[in-house]
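**Q** Just model.cif, nothing more (mmCIF, C-alpha atoms and all ligand atoms):
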data_query
loop_
_atom_site.label_atom_id
_atom_site.label_comp_id
_atom_site.auth_asym_id
_atom_site.auth_seq_id
_atom_site.Cartn_x
_atom_site.Cartn_y
_atom_site.Cartn_z
CA MET A 114 46.56 96.70 142.76
CA LYS A 115 45.77 100.27 141.71
CA THR A 116 42.24 101.69 141.58
CA TYR A 117 41.96 104.18 138.75
CA ARG A 118 39.83 107.29 138.99
CA LEU A 119 38.73 109.91 136.51
CA ALA A 120 38.29 113.42 137.90
CA PRO A 121 36.66 115.60 135.22
CA SER A 122 37.87 119.20 135.43
CA LEU A 123 34.83 121.45 135.71
CA LEU A 124 36.84 124.26 134.13
CA SER A 125 35.77 122.86 130.75
CA ALA A 126 32.11 122.38 131.73
CA ASP A 127 29.31 124.53 130.34
CA PHE A 128 28.70 126.73 133.39
CA THR A 129 25.14 127.44 132.30
CA GLU A 130 24.51 123.68 132.48
CA LEU A 131 26.76 122.86 135.42
CA GLY A 132 24.17 121.06 137.56
CA SER A 133 22.91 118.81 134.78
CA GLN A 134 26.45 118.06 133.55
CA ILE A 135 27.42 117.02 137.11
CA ASP A 136 24.32 114.78 137.31
CA LEU A 137 25.21 113.25 133.95
CA LEU A 138 28.77 112.51 135.08
CA LYS A 139 27.44 110.83 138.21
CA SER A 140 25.02 108.71 136.18
CA LEU A 141 28.00 107.62 134.04
CA GLY A 142 29.81 106.29 137.11
CA VAL A 143 32.21 109.19 137.68
CA ARG A 144 33.20 109.40 141.37
CA ALA A 145 35.14 112.67 141.63
CA LEU A 146 35.05 116.21 140.29
CA HIS A 147 38.16 118.37 139.91
CA CYS A 148 37.60 122.03 140.80
CA ASP A 149 40.27 124.39 139.46
CA ILE A 150 40.56 127.46 141.67
CA MET A 151 42.58 130.24 139.99
CA ASP A 152 43.29 133.64 141.52
CA GLY A 153 44.75 135.60 138.59
CA ASP A 154 48.04 135.92 140.48
CA PHE A 155 49.62 132.48 140.96
CA VAL A 156 48.26 131.74 137.50
CA PRO A 157 47.22 134.27 134.83
CA SER A 158 43.54 133.39 134.75
CA ILE A 159 40.64 133.63 137.23
CA SER A 160 38.13 130.79 137.47
CA PHE A 161 35.74 130.42 140.41
CA GLY A 162 35.85 130.27 144.18
CA MET A 163 34.08 129.15 147.34
CA PRO A 164 30.47 130.13 146.46
CA VAL A 165 30.55 128.01 143.32
CA LEU A 166 32.09 125.05 145.14
CA LYS A 167 29.42 125.42 147.82
CA SER A 168 26.68 125.22 145.19
CA ILE A 169 28.32 122.16 143.62
CA ARG A 170 28.43 120.55 147.08
CA LYS A 171 24.68 121.16 147.49
CA ARG A 172 24.03 119.53 144.13
CA THR A 173 26.13 116.37 144.49
CA ASP A 174 27.73 113.92 146.90
CA LEU A 175 30.60 113.22 144.48
CA TYR A 176 34.13 113.62 145.84
CA LEU A 177 35.21 117.25 145.34
CA ASP A 178 38.87 117.76 144.63
CA ALA A 179 39.92 121.42 145.07
CA HIS A 180 43.06 122.29 143.08
CA LEU A 181 44.16 125.60 144.58
CA MET A 182 46.18 127.59 142.04
CA VAL A 183 46.46 130.58 144.34
CA THR A 184 49.35 132.61 145.73
CA GLU A 185 48.55 132.14 149.42
CA PRO A 186 46.72 128.83 149.81
CA ASP A 187 46.87 128.97 153.64
CA ARG A 188 44.41 131.87 153.57
CA TYR A 189 41.76 129.78 151.82
CA ILE A 190 41.99 126.22 153.16
CA ASP A 191 39.37 126.66 155.90
CA ALA A 192 37.02 128.39 153.47
CA PHE A 193 37.20 125.56 150.94
CA VAL A 194 36.78 122.96 153.68
CA GLU A 195 33.73 124.90 154.88
CA ALA A 196 32.41 125.09 151.30
CA GLY A 197 32.53 121.30 151.05
CA ALA A 198 35.80 120.17 149.45
CA ASP A 199 36.82 116.57 150.24
CA GLY A 200 40.43 116.96 149.18
CA ILE A 201 42.65 120.02 148.98
CA THR A 202 45.63 120.29 146.65
CA VAL A 203 48.16 123.07 147.22
CA HIS A 204 51.09 123.95 144.98
CA ALA A 205 54.54 123.36 146.46
CA GLU A 206 55.62 126.57 144.68
CA ALA A 207 53.02 128.59 146.64
CA CYS A 208 53.73 127.25 150.15
CA ARG A 209 56.39 128.77 152.35
CA HIS A 210 55.90 126.12 155.05
CA LEU A 211 54.60 123.14 153.13
CA ASP A 212 54.54 120.74 156.09
CA ARG A 213 52.46 123.18 158.15
CA THR A 214 49.98 123.59 155.30
CA VAL A 215 49.68 119.84 154.74
CA GLN A 216 49.17 119.21 158.48
CA HIS A 217 46.47 121.87 158.51
CA ILE A 218 44.56 120.16 155.69
CA LYS A 219 44.85 116.81 157.46
CA ALA A 220 43.72 118.32 160.77
CA CYS A 221 40.56 119.45 158.95
CA GLY A 222 39.92 115.77 158.18
CA LYS A 223 40.49 116.24 154.43
CA LYS A 224 42.74 114.48 151.94
CA ALA A 225 45.99 116.37 151.46
CA ALA A 226 47.74 116.69 148.12
CA VAL A 227 50.66 118.68 146.76
CA ALA A 228 50.89 119.81 143.13
CA LEU A 229 54.14 120.30 141.23
CA ASN A 230 54.43 122.50 138.18
CA PRO A 231 56.14 120.86 135.20
CA ALA A 232 59.54 122.40 135.96
CA THR A 233 59.42 121.73 139.73
CA SER A 234 61.56 118.82 140.85
CA LEU A 235 60.23 115.81 142.75
CA VAL A 236 62.73 116.77 145.45
CA ALA A 237 60.11 119.29 146.64
CA VAL A 238 57.89 116.42 147.88
CA GLU A 239 60.41 113.65 148.53
CA ASP A 240 60.65 114.09 152.30
CA ILE A 241 56.99 114.86 152.92
CA LEU A 242 55.72 111.99 150.73
CA PRO A 243 54.61 109.71 153.62
CA GLU A 244 52.36 112.52 154.91
CA LEU A 245 50.48 112.93 151.63
CA ASP A 246 47.42 111.25 150.18
CA MET A 247 48.25 112.38 146.67
CA VAL A 248 50.80 114.19 144.52
CA LEU A 249 49.51 116.06 141.48
CA ILE A 250 51.93 116.15 138.57
CA MET A 251 51.03 119.13 136.39
CA SER A 252 51.59 118.14 132.79
CA VAL A 253 50.87 121.66 131.48
CA ASN A 254 51.80 125.03 132.94
CA PRO A 255 48.80 125.73 135.17
CA GLY A 256 46.31 128.42 134.29
CA PHE A 257 44.22 127.20 131.36
CA GLY A 258 42.38 124.15 130.14
CA GLY A 259 42.89 122.73 126.67
CA GLN A 260 46.70 122.91 126.54
CA SER A 261 49.01 120.24 125.14
CA TYR A 262 50.60 117.60 127.36
CA ILE A 263 54.30 118.30 128.06
CA PRO A 264 56.12 115.06 127.12
CA TYR A 265 58.92 115.24 129.71
CA CYS A 266 56.30 114.85 132.46
CA THR A 267 55.95 111.15 131.65
CA ASP A 268 59.39 110.41 133.04
CA LYS A 269 58.56 112.45 136.13
CA ILE A 270 55.43 110.33 136.75
CA ARG A 271 57.56 107.19 136.37
CA ARG A 272 60.16 108.46 138.83
CA LEU A 273 57.48 109.49 141.32
CA ARG A 274 55.88 106.04 141.15
CA ALA A 275 59.27 104.44 141.86
CA LEU A 276 59.81 106.81 144.79
CA ALA A 277 56.33 106.11 146.14
CA ASP A 278 56.86 102.35 145.84
CA GLN A 279 59.81 102.77 148.24
CA LYS A 280 58.42 105.37 150.63
CA HIS A 281 54.61 105.32 150.47
CA PRO A 282 53.02 102.69 148.18
CA GLU A 283 49.46 103.92 148.88
CA LEU A 284 50.24 107.36 147.45
CA SER A 285 47.91 108.37 144.68
CA ILE A 286 49.49 110.02 141.63
CA GLN A 287 47.24 112.47 139.86
CA VAL A 288 48.10 113.88 136.44
CA ASP A 289 46.52 117.11 135.26
CA GLY A 290 46.79 118.81 131.89
CA GLY A 291 46.45 117.65 128.32
CA VAL A 292 45.37 114.12 129.19
CA ASN A 293 43.26 112.87 126.30
CA ARG A 294 42.76 109.96 123.91
CA LYS A 295 46.31 110.40 122.57
CA THR A 296 48.17 110.75 125.87
CA LEU A 297 46.18 108.65 128.39
CA ALA A 298 47.88 105.29 127.72
CA GLU A 299 51.33 106.81 128.24
CA VAL A 300 50.27 108.47 131.51
CA LEU A 301 48.74 105.25 132.88
CA ALA A 302 51.73 103.15 131.86
CA ALA A 303 54.02 105.59 133.68
CA GLY A 304 52.17 104.94 136.96
CA ALA A 305 49.38 107.50 137.37
CA ASP A 306 46.13 106.30 138.93
CA ASP A 307 44.13 109.53 139.19
CA ILE A 308 43.41 111.31 135.93
CA VAL A 309 42.16 114.85 135.57
CA ALA A 310 40.66 115.66 132.20
CA GLY A 311 38.75 118.75 131.16
CA SER A 312 38.54 119.21 127.41
CA ALA A 313 38.76 115.45 126.81
CA VAL A 314 35.63 114.91 128.93
CA PHE A 315 33.50 117.95 128.09
CA GLY A 316 34.51 118.37 124.42
CA GLY A 317 32.04 116.47 122.24
CA ASN A 318 29.95 113.62 123.63
CA ILE A 319 30.45 113.39 127.40
CA ALA A 320 29.11 109.82 127.70
CA GLU A 321 31.41 108.56 124.93
CA ASN A 322 34.36 110.38 126.44
CA VAL A 323 33.79 108.94 129.92
CA ALA A 324 33.41 105.47 128.38
CA PHE A 325 36.80 105.89 126.70
CA PHE A 326 38.48 106.60 130.05
CA ARG A 327 36.61 103.74 131.76
CA ASP A 328 37.73 101.26 129.07
CA ALA A 329 41.33 102.45 129.30
CA PHE A 330 41.24 101.99 133.10
CA ARG A 331 39.85 98.45 132.65
CA GLN A 332 42.65 97.63 130.23
CA ALA A 333 45.26 99.00 132.63
CA GLU A 334 43.79 96.92 135.48
CA ALA A 335 43.81 93.80 133.31
CA LYS A 336 47.47 94.45 132.39
CA GLU A 337 48.34 94.75 136.08
CA LYS A 338 46.62 91.47 136.94
CA ALA A 339 48.32 89.56 134.10
O1 LIG A 401 44.60 122.66 136.44
C1 LIG A 401 44.25 122.82 135.29
C2 LIG A 401 44.81 123.96 134.49
O2 LIG A 401 45.68 124.68 135.25
C3 LIG A 401 43.16 121.94 134.68
O3 LIG A 401 42.77 120.99 135.65
C4 LIG A 401 43.63 121.24 133.42
O4 LIG A 401 44.20 122.09 132.50
C5 LIG A 401 42.52 120.40 132.83
O5 LIG A 401 42.19 120.76 131.52
P1 LIG A 401 42.59 119.90 130.22
O6 LIG A 401 42.30 118.44 130.52
O7 LIG A 401 41.72 120.48 129.16
O8 LIG A 401 44.08 120.13 129.99
CO CO A 402 43.61 121.26 137.80
#
Show me this structure written as structure tokens.

**A**
Amino acid sequence: MKTYRLAPSLLSADFTELGSQIDLLKSLGVRALHCDIMDGDFVPSISFGMPVLKSIRKRTDLYLDAHLMVTEPDRYIDAFVEAGADGITVHAEACRHLDRTVQHIKACGKKAAVALNPATSLVAVEDILPELDMVLIMSVNPGFGGQSYIPYCTDKIRRLRALADQKHPELSIQVDGGVNRKTLAEVLAAGADDIVAGSAVFGGNIAENVAFFRDAFRQAEAKEKA
């Protein structure tokens, strides 16, 4: 039985109200925050780094999920662990020795995840799957919030769930990019359990948006039980 989790992407938060928006999310029952770290090289944009994550850590005990969209993730893992991340996600496309990087994250006592860009094949994680806590399927080209979900990613989520059922049933499948009221049902039905959403959480009424995700998770759980 899957446990579903919403991880709001802070990229879409109001940075002048970050502390109070984090407190609000916690009061609404949110358990994790997704922190998008962009270096302007692996992806076109620059977001925020260790000092901001450190401040977030001081503010909250929520699970902090660090999505490293950087060219050389190995250079930054210790710094993000030190800053207070609970889980570190590296891109397969950015790691020359992916197994070494994953073992490093695990040796730090943190959850290890690998992200795949839309056009990157599942083959990139097939062999290492049993070593991972999570695989992140990017459903937009990384770099910006507010983009549209790429439809072919649904089949990729489905194929990853089938692969995980064979090799590592506890694997969490996170989907990131363009997940909103229109696309959520499709993503859940395909087998995702961990949902990142930025604009669909912070755009408009945050409490109503979080309630929408919570209700969808309840429906998915009920479907699984039936
Ligand atoms: O990693 C990301 C972009 O590279 C973000 O997590 C993602 O885009 C979330 O934003 P939205 O839900 O608005 O698509
Ligand atoms: Co992200």

**Q** Fewer than 2 positions away in the same chain doesn't count, so skip those; otherwise give me all residues within 12 Å of Lys295 in chain A, counting all atoms listed in the file, as a ChimeraX atom specification.

**A** /A:261-262,264,291-293,297-301,313,325-326,329

**Q** Under the rule that only C-alpha atoms are counted, which of A:Met151, A:Leu181, A:Leu131, A:Leu276 is the nearest residue to Ile169 in chain A?

**A**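 Under the stated criterion, the closest residue is A:Leu131.
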
**Q** Compute the set of protein, DNA and RNA residues whose minimum atom distance to ligand CO 402 (chain A) is at most 9 Å, using only C-alpha atoms and all ligand atoms, and state it as a list in words.

**A**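 After applying the 9 Å limit, what remains is Ser122, Leu124, His147, Cys148, Asp149, Ile150, Ala179, His180, Leu181, Met182, Leu249, Met251, Pro255, Gly256, Phe257, Gly258, Val288, Asp289, Gly290, Val309, Ala310 and Gly311 of chain A.
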
**Q** For a test of reading the model, state the distance in Å between CA of Met247 in chain A and CA of Asp154 in chain A, rounded to one decimal.

**A**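 Between CA of Met247 in chain A and CA of Asp154 in chain A the gap works out to 24.3 Å.
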
**Q** From the list A:Asp306, A:Asp152, A:Asp268, A:Asp136, which residue is nearest ligand LIG 401 (chain A) when using only C-alpha atoms and all ligand atoms?

**A** A:Asp152

**Q** Excluding Leu138 in chain A and any residue of its chain fewer than 5 positions from it, enumerate the residues within 9 Å of it, using only C-alpha atoms, and give them as an mmCIF file with C-alpha atoms, in the coordinates of the input.

**A**
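Output (result_11.cif):
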data_model
loop_
_atom_site.group_PDB
_atom_site.id
_atom_site.type_symbol
_atom_site.label_atom_id
_atom_site.label_comp_id
_atom_site.auth_asym_id
_atom_site.auth_seq_id
_atom_site.Cartn_x
_atom_site.Cartn_y
_atom_site.Cartn_z
ATOM 1 C CA PRO A 121 36.660 115.600 135.220
ATOM 2 C CA SER A 133 22.910 118.810 134.780
ATOM 3 C CA VAL A 143 32.210 109.190 137.680
ATOM 4 C CA ARG A 144 33.200 109.400 141.370
ATOM 5 C CA LEU A 146 35.050 116.210 140.290
ATOM 6 C CA ILE A 319 30.450 113.390 127.400
ATOM 7 C CA ALA A 320 29.110 109.820 127.700
ATOM 8 C CA VAL A 323 33.790 108.940 129.920
#

**Q** Identify, on the basis of all atoms listed in the file, every residue whose closest approach to Leu242 in chain A does not exceed 9 Å; exclude the query and any residue fewer than 6 positions from it along the same chain; express the result as a compact mmCIF listing (two decimals) with C-alpha atoms, in the frame of the given file.

**A**
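Written output follows (around-v5.txt):
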# COMPACT_ATOMS: atom_id res chain seq x y z
CA VAL A 248 50.80 114.19 144.52
CA LEU A 276 59.81 106.81 144.79
CA ALA A 277 56.33 106.11 146.14
CA LYS A 280 58.42 105.37 150.63
CA HIS A 281 54.61 105.32 150.47
CA LEU A 284 50.24 107.36 147.45

**Q** Between atom O4 of ligand LIG 401 (chain A) and CA of Cys266 in chain A, what is the spacing in Å?

**A**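 That distance, rounded to one decimal, is 14.1 Å.
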
**Q** Closest to ligand LIG 401 (chain A) among A:Ser312, A:Ser160, A:Asn322, A:Thr202, using all atoms listed in the file?

**A** A:Ser312

**Q** Could you work out how far CA of Glu334 in chain A lies from CA of Leu177 in chain A, giving the answer in Å with one decimal?

**A**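 Those two atoms sit 24.2 Å apart.
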
**Q** Mind working out the centre and edge lengths of an axis-aligned box for ligand LIG 401 (chain A), all listed atoms inside, 8 Å added to each side, rounded to one decimal in Å and written as JSON?

**A**
{"center_x": 43.7, "center_y": 121.6, "center_z": 132.8, "size_x": 20.0, "size_y": 22.2, "size_z": 23.3}
